[in-house]
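Student: Okay, handing you the structure first.
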Amino acid sequence: MIEDAFDRWYGEEHLPDALKAFGARRAWRGWSDADASVHYAFYEFEDAARARAIEGSEALRKLVAEFDRAWGDKVKRSRDIVEAVQTVVG
C-alpha cells in the first residue's frame, strides 16, 4: 500500500532531511482525520521570513527532486506559510 511505504520513507528519511536542510526549529507530521489520504508536514521557524527564504532555495530544490524520484506523480503536494499571530497556553 502506497500510504505505508510513503509513511516509512517520509518519517525515516524525508522529514529528518528537511528539518536539517531547512534549519527549522522542529518538524512534525500527521494524517488528516477527515480524509485519510491527506498528509500534512509542518516546520517551525524562528519567523515567517526564515520560512519564506526556503522557497526557491537549493535545499528545497534538492528535497523536491528526491521526493519526485521516490514518488513521481503518485502524491499531490502543495505548500503554504502560516504566520502565528497568537498563542494561548492553558
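Letters A, B, ... mark the chains of the C-alpha cells in the order given; residue numbers begin at 1 per chain; ligand numbers begin at 1, in order shown.
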Would you kindly return, as a list in words, each protein, DNA or RNA residue with an atom no farther than 12 Å from any atom of Gly11 (chain A), considering only C-alpha atoms and excluding same-chain residues fewer than 2 positions away?

Tutor: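 Within the cut-off, the hits are Glu3, Asp4, Ala5, Phe6, Asp7, Arg8, Trp9, Glu13, His14, Leu15, Pro16, Asp17, Ala18, Leu19, Ala27, Trp28, Arg29, Gly30, His39, Tyr40 and Ala41 of chain A.
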
Student: Running DSSP on the backbone, which parts of region 4-69 of chain A land in alpha helix (DSSP H), as a count of residues only?

Tutor: 33

Student: Compare A:Arg77, A:Arg69, A:Arg61, A:Arg25 by their minimum atom-to-atom distance to Asp47 (chain A), counting only C-alpha atoms, and give me the closest one.

Tutor: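 Distance minimum relative to Asp47 (chain A) lands on A:Arg25.
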
Student: Which one is closest to Arg26 (chain A): A:Glu83, A:Glu66, A:Glu55, A:Glu44? Count only C-alpha atoms.

Tutor: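 With only C-alpha atoms as the atom set, the closest residue is A:Glu44.
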
Student: Enumerate, as a VMD selection string, the complete set of residues in chain A that a backbone-based DSSP assignment places in strand (DSSP E or B).

Tutor: chain A and resid 26 to 31 39 to 44

Student: Using the selection just defined, write its residues with C-alpha atoms as a PDB file, in the first residue's frame.

Tutor:
```pdb
ATOM      1  CA  ARG A  26      11.227  21.465  14.747  1.00  0.00           C
ATOM      2  CA  ALA A  27       9.154  19.422  12.322  1.00  0.00           C
ATOM      3  CA  TRP A  28       6.131  17.186  12.744  1.00  0.00           C
ATOM      4  CA  ARG A  29       3.607  15.481  10.523  1.00  0.00           C
ATOM      5  CA  GLY A  30       0.313  13.666  10.561  1.00  0.00           C
ATOM      6  CA  TRP A  31      -2.591  12.264   8.579  1.00  0.00           C
ATOM      7  CA  HIS A  39      -0.810  14.014   4.869  1.00  0.00           C
ATOM      8  CA  TYR A  40       0.478  17.196   6.496  1.00  0.00           C
ATOM      9  CA  ALA A  41       4.033  18.170   7.374  1.00  0.00           C
ATOM     10  CA  PHE A  42       4.818  21.220   9.474  1.00  0.00           C
ATOM     11  CA  TYR A  43       8.082  23.047  10.019  1.00  0.00           C
ATOM     12  CA  GLU A  44       8.514  25.660  12.730  1.00  0.00           C
TER      13      GLU A  44
END
```

Student: Just how far from CA of Val38 (chain A) is CA of Phe67 (chain A), in Å to one decimal?

Tutor: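 A separation of 16.2 Å between them.
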
Student: Show me, as a ChimeraX atom specification, the residues that have an atom within 9 Å of Ala51 (chain A) when counting only C-alpha atoms, minus same-chain residues fewer than 5 positions from it.

Tutor: /A:22,24,43-46,81

Student: Save the residues we just selected, N, CA and C atoms, as a compact mmCIF listing (two decimals), in the first residue's frame?

Tutor:
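The result, stored in result-v8.txt:
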```
# COMPACT_ATOMS: atom_id res chain seq x y z
N PHE A 22 16.46 22.71 6.12
CA PHE A 22 15.79 23.99 6.29
C PHE A 22 16.28 24.77 7.50
N ALA A 24 15.09 24.37 10.43
CA ALA A 24 13.88 24.66 11.21
C ALA A 24 14.09 24.32 12.68
N TYR A 43 6.74 22.65 9.62
CA TYR A 43 8.08 23.05 10.02
C TYR A 43 7.96 24.37 10.76
N GLU A 44 8.56 24.44 11.93
CA GLU A 44 8.51 25.66 12.73
C GLU A 44 9.83 26.41 12.56
N PHE A 45 9.71 27.69 12.21
CA PHE A 45 10.86 28.55 12.02
C PHE A 45 10.83 29.69 13.03
N GLU A 46 11.95 30.35 13.18
CA GLU A 46 12.04 31.48 14.11
C GLU A 46 11.03 32.56 13.74
N ILE A 81 2.61 29.01 3.84
CA ILE A 81 3.27 29.55 5.03
C ILE A 81 2.19 30.18 5.89
```

Student: Have a look at A:Lys20, A:Tyr10, A:Glu58, A:Asp33 and name the one nearest to Ala70 (chain A); count only C-alpha atoms.

Tutor: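 Under the stated criterion, the closest residue is A:Tyr10.
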
Student: Pick from A:Gly23, A:Gly72, A:Glu12, A:Val89: nearest to Arg50 (chain A), with only C-alpha atoms counted?

Tutor: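 Once distances to Arg50 (chain A) are computed over only C-alpha atoms, the minimum belongs to A:Gly23.
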